[in-house]
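Q: Structure file coords.cif (mmCIF, C-alpha atoms) is given on the next line.
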```cif
data_run
#
loop_
_atom_site.label_atom_id
_atom_site.label_comp_id
_atom_site.auth_asym_id
_atom_site.auth_seq_id
_atom_site.Cartn_x
_atom_site.Cartn_y
_atom_site.Cartn_z
CA MET A 15 16.49 27.62 -10.04
CA PRO A 16 17.40 23.90 -9.73
CA LYS A 17 21.03 24.41 -10.68
CA HIS A 18 21.90 20.70 -10.64
CA LEU A 19 19.22 20.03 -13.27
CA ILE A 20 20.46 22.82 -15.52
CA SER A 21 23.98 21.49 -15.12
CA GLY A 22 22.65 18.04 -15.97
CA HIS A 23 21.18 19.40 -19.19
CA GLU A 24 24.53 20.87 -20.16
CA HIS A 25 26.09 17.48 -19.47
CA PHE A 26 23.44 15.86 -21.67
CA ARG A 27 24.28 18.22 -24.54
CA ALA A 28 28.00 17.73 -24.16
CA GLU A 29 27.83 13.94 -23.89
CA TYR A 30 24.69 12.34 -25.34
CA PHE A 31 23.68 15.01 -27.85
CA ALA A 32 27.20 15.38 -29.17
CA LYS A 33 27.34 11.64 -29.91
CA GLU A 34 23.75 11.18 -31.10
CA ALA A 35 23.14 14.48 -32.87
CA ARG A 36 22.27 12.87 -36.21
CA PHE A 37 19.81 10.45 -34.60
CA LEU A 38 18.11 13.24 -32.62
CA GLU A 39 17.92 15.46 -35.70
CA GLN A 40 16.15 12.66 -37.58
CA LEU A 41 13.66 12.30 -34.72
CA ALA A 42 12.97 16.02 -34.84
CA ARG A 43 12.47 16.01 -38.62
CA ASN A 44 10.63 12.73 -39.13
CA GLY A 45 8.35 12.73 -36.09
CA GLN A 46 7.83 10.00 -33.54
CA THR A 47 7.04 6.35 -34.19
CA PRO A 48 7.12 4.76 -30.73
CA SER A 49 6.59 1.02 -30.47
CA ALA A 50 4.85 1.16 -27.10
CA LEU A 51 2.60 3.23 -24.89
CA TYR A 52 3.89 2.98 -21.34
CA ILE A 53 1.47 3.87 -18.54
CA GLY A 54 3.23 4.04 -15.21
CA CYS A 55 3.39 5.71 -11.83
CA SER A 56 4.75 9.21 -11.31
CA ASP A 57 7.08 7.88 -8.60
CA SER A 58 10.49 9.49 -9.11
CA ARG A 59 12.26 6.18 -8.47
CA VAL A 60 10.67 4.42 -11.45
CA ILE A 61 12.00 5.82 -14.72
CA PRO A 62 10.63 3.89 -17.71
CA GLU A 63 13.39 4.78 -20.17
CA LEU A 64 16.03 3.84 -17.61
CA LEU A 65 14.59 0.47 -16.58
CA THR A 66 13.96 -0.54 -20.22
CA ALA A 67 17.07 1.10 -21.75
CA ALA A 68 14.73 2.72 -24.28
CA ALA A 69 16.12 5.33 -26.62
CA PRO A 70 14.36 8.64 -27.32
CA GLY A 71 11.36 7.99 -29.55
CA GLU A 72 10.75 4.38 -28.40
CA LEU A 73 8.19 4.99 -25.64
CA PHE A 74 5.10 7.19 -25.52
CA VAL A 75 4.78 7.74 -21.79
CA VAL A 76 1.86 8.51 -19.48
CA ARG A 77 2.66 8.80 -15.77
CA ASN A 78 0.31 9.55 -12.91
CA VAL A 79 -0.12 8.69 -9.23
CA ALA A 80 -0.61 4.90 -8.90
CA ASN A 81 -0.57 4.31 -12.68
CA LEU A 82 -4.35 4.61 -12.98
CA VAL A 83 -6.38 4.25 -16.17
CA PRO A 84 -9.92 5.53 -15.62
CA ALA A 85 -12.46 3.47 -17.56
CA PHE A 86 -13.61 5.02 -20.83
CA GLU A 87 -16.95 6.21 -19.46
CA MET A 88 -15.12 7.90 -16.56
CA SER A 89 -12.04 8.94 -18.49
CA THR A 90 -10.04 12.00 -17.59
CA VAL A 91 -9.29 14.04 -20.67
CA SER A 92 -5.54 13.74 -20.17
CA VAL A 93 -5.22 9.96 -19.80
CA GLY A 94 -7.92 9.18 -22.37
CA ALA A 95 -6.41 11.55 -24.92
CA ALA A 96 -2.97 9.98 -24.54
CA ILE A 97 -4.35 6.46 -24.97
CA GLU A 98 -6.33 7.39 -28.07
CA TYR A 99 -3.46 9.33 -29.62
CA ALA A 100 -0.90 6.58 -29.03
CA VAL A 101 -3.12 3.75 -30.25
CA ALA A 102 -5.16 5.36 -33.04
CA LYS A 103 -2.75 7.98 -34.38
CA LEU A 104 0.75 6.76 -33.58
CA GLY A 105 -0.18 3.11 -34.06
CA VAL A 106 1.81 1.70 -31.16
CA ALA A 107 2.04 -2.10 -31.22
CA HIS A 108 2.12 -2.48 -27.43
CA VAL A 109 0.52 -0.94 -24.37
CA ILE A 110 2.27 -1.54 -21.06
CA ILE A 111 0.77 -0.78 -17.67
CA CYS A 112 3.57 -0.83 -15.10
CA GLY A 113 3.02 -0.63 -11.37
CA HIS A 114 5.67 -0.91 -8.70
CA TYR A 115 5.97 -2.42 -5.26
CA GLY A 116 6.12 0.27 -2.60
CA CYS A 117 3.68 2.54 -4.43
CA GLY A 118 2.55 5.41 -2.21
CA GLY A 119 -0.79 5.72 -3.98
CA ILE A 120 -1.66 2.10 -3.28
CA ARG A 121 -0.46 2.49 0.31
CA ALA A 122 -2.89 5.39 0.69
CA ALA A 123 -5.73 3.32 -0.76
CA LEU A 124 -5.00 0.55 1.75
CA ASP A 125 -4.77 2.93 4.70
CA GLY A 126 -7.93 4.81 3.66
CA ILE A 127 -7.97 7.74 1.27
CA ASP A 128 -9.75 9.95 3.79
CA LEU A 129 -6.31 10.41 5.31
CA VAL A 130 -5.56 12.64 2.31
CA ALA A 131 -8.93 14.41 2.32
CA ASP A 132 -7.07 17.69 2.81
CA LEU A 133 -5.63 17.21 -0.70
CA PRO A 134 -8.84 17.27 -2.74
CA SER A 135 -7.44 16.38 -6.16
CA LEU A 136 -5.42 13.48 -4.79
CA HIS A 137 -8.36 12.33 -2.69
CA VAL A 138 -10.62 12.09 -5.74
CA TRP A 139 -7.94 10.53 -7.92
CA LEU A 140 -7.13 7.73 -5.48
CA ARG A 141 -10.70 6.48 -5.57
CA GLY A 142 -9.53 4.68 -8.69
CA ALA A 143 -7.16 2.55 -6.58
CA GLU A 144 -9.69 1.59 -3.90
CA PRO A 145 -11.16 -1.46 -5.71
CA ALA A 146 -7.72 -3.06 -5.94
CA ALA A 147 -7.06 -2.37 -2.26
CA ARG A 148 -10.38 -3.97 -1.33
CA ALA A 149 -9.70 -7.00 -3.55
CA ALA A 150 -6.33 -7.59 -1.88
CA ALA A 151 -7.74 -7.10 1.62
CA ALA A 152 -10.51 -9.62 0.89
CA LYS A 153 -7.84 -12.31 0.54
CA GLY A 154 -7.01 -12.02 4.22
CA LEU A 155 -3.41 -11.02 3.54
CA GLN A 156 -1.39 -8.98 6.01
CA GLY A 157 1.61 -6.67 5.98
CA ASP A 158 3.91 -6.65 2.96
CA ALA A 159 2.04 -9.52 1.29
CA LEU A 160 -1.12 -7.40 1.34
CA PHE A 161 0.71 -4.36 0.00
CA ARG A 162 2.35 -6.27 -2.85
CA ASN A 163 -0.88 -8.00 -3.82
CA ALA A 164 -2.74 -4.69 -3.86
CA VAL A 165 -0.15 -3.31 -6.28
CA GLU A 166 -0.66 -6.34 -8.52
CA GLN A 167 -4.45 -6.16 -8.29
CA ASN A 168 -4.28 -2.50 -9.25
CA VAL A 169 -2.30 -3.14 -12.44
CA LEU A 170 -4.76 -5.82 -13.51
CA ALA A 171 -7.73 -3.58 -12.72
CA GLN A 172 -6.27 -0.80 -14.86
CA MET A 173 -5.77 -3.30 -17.67
CA ASP A 174 -9.48 -4.08 -17.49
CA HIS A 175 -10.20 -0.35 -17.75
CA LEU A 176 -7.86 0.00 -20.71
CA ILE A 177 -9.85 -2.37 -22.91
CA THR A 178 -13.00 -0.25 -22.44
CA TYR A 179 -11.55 2.31 -24.85
CA PRO A 180 -12.99 1.91 -28.37
CA ALA A 181 -9.62 2.74 -29.95
CA VAL A 182 -7.97 -0.02 -27.94
CA GLU A 183 -10.74 -2.52 -28.66
CA LYS A 184 -10.53 -1.77 -32.38
CA ALA A 185 -6.74 -2.25 -32.48
CA LEU A 186 -7.00 -5.49 -30.50
CA ASP A 187 -9.69 -6.86 -32.80
CA ALA A 188 -7.50 -6.05 -35.80
CA GLY A 189 -4.55 -7.89 -34.27
CA LYS A 190 -2.48 -4.70 -34.23
CA LEU A 191 -2.05 -4.32 -30.49
CA SER A 192 -0.74 -6.35 -27.55
CA LEU A 193 -1.30 -5.51 -23.88
CA HIS A 194 1.22 -6.11 -21.10
CA ALA A 195 0.98 -5.90 -17.29
CA TRP A 196 4.25 -5.25 -15.47
CA ILE A 197 5.42 -4.73 -11.89
CA TYR A 198 8.77 -3.13 -11.10
CA ASP A 199 10.38 -4.15 -7.82
CA ILE A 200 12.36 -1.19 -6.53
CA ASP A 201 14.14 -3.31 -3.89
CA ASP A 202 15.92 -5.58 -6.36
CA ALA A 203 15.48 -3.58 -9.59
CA LYS A 204 13.74 -6.54 -11.21
CA LEU A 205 10.78 -6.50 -13.54
CA ARG A 206 7.88 -8.90 -13.16
CA VAL A 207 5.52 -9.61 -16.04
CA TYR A 208 2.02 -11.02 -15.83
CA ASP A 209 1.83 -14.54 -17.23
CA VAL A 210 -1.72 -15.24 -18.34
CA GLN A 211 -1.17 -19.01 -18.26
CA ARG A 212 0.08 -19.00 -14.66
CA GLU A 213 -2.18 -16.11 -13.62
CA ALA A 214 0.73 -14.55 -11.77
CA PHE A 215 3.46 -11.94 -12.08
CA VAL A 216 6.73 -13.73 -12.76
CA PRO A 217 10.33 -12.53 -13.28
CA SER A 218 10.70 -11.18 -16.80
CA ASN A 219 13.58 -13.54 -17.56
CA GLU A 220 11.24 -16.52 -17.06
CA MET A 221 8.93 -15.44 -19.84
CA GLU A 222 9.09 -16.62 -23.44
CA TYR A 223 8.62 -14.04 -26.17
CA ASP A 224 7.45 -14.44 -29.74
CA GLU A 225 9.40 -11.43 -30.96
CA PRO A 226 12.72 -9.74 -30.19
#
```
Take the structure in this file and express it as structure tokens.
A:
Amino acid sequence: MPKHLISGHEHFRAEYFAKEARFLEQLARNGQTPSALYIGCSDSRVIPELLTAAAPGELFVVRNVANLVPAFEMSTVSVGAAIEYAVAKLGVAHVIICGHYGCGGIRAALDGIDLVADLPSLHVWLRGAEPAARAAAAKGLQGDALFRNAVEQNVLAQMDHLITYPAVEKALDAGKLSLHAWIYDIDDAKLRVYDVQREAFVPSNEMEYDEP
């Protein structure tokens, strides 16, 4: 039994729940209306609600190794179902794909996924990160620059996969959905957002936003 986690839950009830009981009761009764679908890595150091200060009910979250989005024709039931449910049923206004520098899944794709051939599920899954690793390597980069670029290439590749989903395409065509590519830098706890005009990931505080 992970005692520290059970103790943490009791702390949550005594502190957060005690103060926000009415809000949480309304969530339970009225259902969820999240504004965004967040697709991110399972890495324990990257907690979407923490880095965005999102309250319960604000984010519909999908997390997996290396924040992969299989293309629609190759979709896993789990990821595809979450995308369709969030976009078509919950009507989220935003989809965010968030990678992070230092991602172990991308490191494995760069080093060669056959190194994890003894882990069959992981081995198959990480094939989805290989194109990004190859794209970064083709630039002739080395060391940390290669690693960081592969992370960025991976987020953009998954964004391309995302728009293959009919539910996503329909919402985009109707002007009901916006897509966002993010990178979280664990070293400095800063968020970088893809700027289409500059074709680069830039610090989030350098971006201009049309809405609050």
Q: Evaluating the PyMOL selection byres ((chain A and resi 192-202) around 8) on the displayed file yields which residues, as a list in words?
A: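 When the PyMOL selection byres ((chain A and resi 192-202) around 8) is applied to the shown file, the picked residues are Arg59, Val60, Ala107, His108, Val109, Ile110, Ile111, Cys112, Gly113, His114, Tyr115, Gly116, Glu166, Val169, Leu170, Met173, Leu186, Gly189, Lys190, Leu191, Ala203, Lys204, Leu205, Arg206, Val207, Tyr208 and Phe215 of chain A.
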Q: To verify the selection step, state as a ChimeraX atom specification which residues the PyMOL selection byres ((chain A and resi 71-76) around 6) yields on this input.
A: /A:46,48-53,68-70,77
Q: Counting only C-alpha atoms, which of A:Asn78, A:Lys153, A:His175, A:Val91 gets nearest to Trp139 of chain A?
A: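 Between A:Asn78, A:Lys153, A:His175, A:Val91, the residue approaching Trp139 of chain A most closely is A:Asn78.
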Q: Kindly give the distance, in Å, that separates atom CA of Gly119 of chain A and atom CA of Ala80 of chain A, rounded to a single decimal.
A: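 So the two atoms, atom CA of Gly119 of chain A and atom CA of Ala80 of chain A, lie 5.0 Å apart.
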Q: I would like the residues chosen by the PyMOL selection byres ((chain A and resi 122-126) around 10) on the shown file; could you give them as a list in words?
A: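 The output of the PyMOL selection byres ((chain A and resi 122-126) around 10) on this file is Ala80, Cys117, Gly118, Gly119, Ile120, Arg121, Ile127, Asp128, Leu129, Val130, Ala131, His137, Leu140, Arg141, Gly142, Ala143, Glu144, Pro145, Ala146, Ala147, Arg148, Ala150, Ala151, Leu160, Phe161 and Ala164 of chain A.
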Q: Quick one, how far is atom CA of Val93 of chain A from atom CA of Gln172 of chain A?
A: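 Spanning atom CA of Val93 of chain A to atom CA of Gln172 of chain A is a straight-line distance of 11.9 Å.
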Q: Can you tell me how far atom CA of Met15 of chain A sits from atom CA of Ala28 of chain A, in Å to one decimal?
A: 20.7 Å
Q: Which of these, A:Leu155, A:Val101, A:Leu136, A:Ala214, has the shortest distance to Tyr179 of chain A once you count only C-alpha atoms?
A: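 Between A:Leu155, A:Val101, A:Leu136, A:Ala214, the residue approaching Tyr179 of chain A most closely is A:Val101.
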Q: Mind filling out segment 159-181 of chain A with N, CA and C atoms and sending it as a compact mmCIF listing (two decimals), in the coordinates of the input?
A:
```txt
# COMPACT_ATOMS: atom_id res chain seq x y z
N ALA A 159 2.74 -8.67 2.26
CA ALA A 159 2.04 -9.52 1.29
C ALA A 159 0.77 -8.82 0.80
N LEU A 160 0.07 -8.16 1.71
CA LEU A 160 -1.12 -7.40 1.34
C LEU A 160 -0.76 -6.24 0.42
N PHE A 161 0.27 -5.52 0.78
CA PHE A 161 0.71 -4.36 0.00
C PHE A 161 1.09 -4.78 -1.42
N ARG A 162 1.89 -5.82 -1.54
CA ARG A 162 2.35 -6.27 -2.85
C ARG A 162 1.17 -6.77 -3.70
N ASN A 163 0.26 -7.49 -3.07
CA ASN A 163 -0.88 -8.00 -3.82
C ASN A 163 -1.79 -6.86 -4.29
N ALA A 164 -1.93 -5.84 -3.46
CA ALA A 164 -2.74 -4.69 -3.86
C ALA A 164 -2.14 -3.98 -5.08
N VAL A 165 -0.82 -3.89 -5.11
CA VAL A 165 -0.15 -3.31 -6.28
C VAL A 165 -0.46 -4.14 -7.53
N GLU A 166 -0.39 -5.45 -7.39
CA GLU A 166 -0.66 -6.34 -8.52
C GLU A 166 -2.13 -6.26 -8.95
N GLN A 167 -3.03 -6.27 -7.98
CA GLN A 167 -4.45 -6.16 -8.29
C GLN A 167 -4.75 -4.86 -9.01
N ASN A 168 -4.04 -3.80 -8.63
CA ASN A 168 -4.28 -2.50 -9.25
C ASN A 168 -3.87 -2.50 -10.72
N VAL A 169 -2.73 -3.08 -11.04
CA VAL A 169 -2.30 -3.14 -12.44
C VAL A 169 -3.32 -3.90 -13.28
N LEU A 170 -3.79 -5.02 -12.76
CA LEU A 170 -4.76 -5.82 -13.51
C LEU A 170 -6.09 -5.09 -13.66
N ALA A 171 -6.49 -4.35 -12.63
CA ALA A 171 -7.73 -3.58 -12.72
C ALA A 171 -7.62 -2.49 -13.78
N GLN A 172 -6.45 -1.85 -13.85
CA GLN A 172 -6.27 -0.80 -14.86
C GLN A 172 -6.23 -1.40 -16.27
N MET A 173 -5.74 -2.62 -16.38
CA MET A 173 -5.77 -3.30 -17.67
C MET A 173 -7.21 -3.54 -18.11
N ASP A 174 -8.07 -3.91 -17.17
CA ASP A 174 -9.48 -4.08 -17.49
C ASP A 174 -10.09 -2.76 -17.97
N HIS A 175 -9.70 -1.66 -17.34
CA HIS A 175 -10.20 -0.35 -17.75
C HIS A 175 -9.70 0.01 -19.15
N LEU A 176 -8.46 -0.35 -19.43
CA LEU A 176 -7.86 0.00 -20.71
C LEU A 176 -8.67 -0.54 -21.89
N ILE A 177 -9.17 -1.75 -21.77
CA ILE A 177 -9.85 -2.37 -22.91
C ILE A 177 -11.28 -1.84 -23.08
N THR A 178 -11.69 -0.90 -22.22
CA THR A 178 -13.00 -0.25 -22.44
C THR A 178 -12.91 0.86 -23.47
N TYR A 179 -11.71 1.23 -23.88
CA TYR A 179 -11.55 2.31 -24.85
C TYR A 179 -11.80 1.77 -26.26
N PRO A 180 -12.71 2.39 -27.02
CA PRO A 180 -12.99 1.91 -28.37
C PRO A 180 -11.75 1.82 -29.25
N ALA A 181 -10.83 2.78 -29.14
CA ALA A 181 -9.62 2.74 -29.95
C ALA A 181 -8.78 1.52 -29.63
```
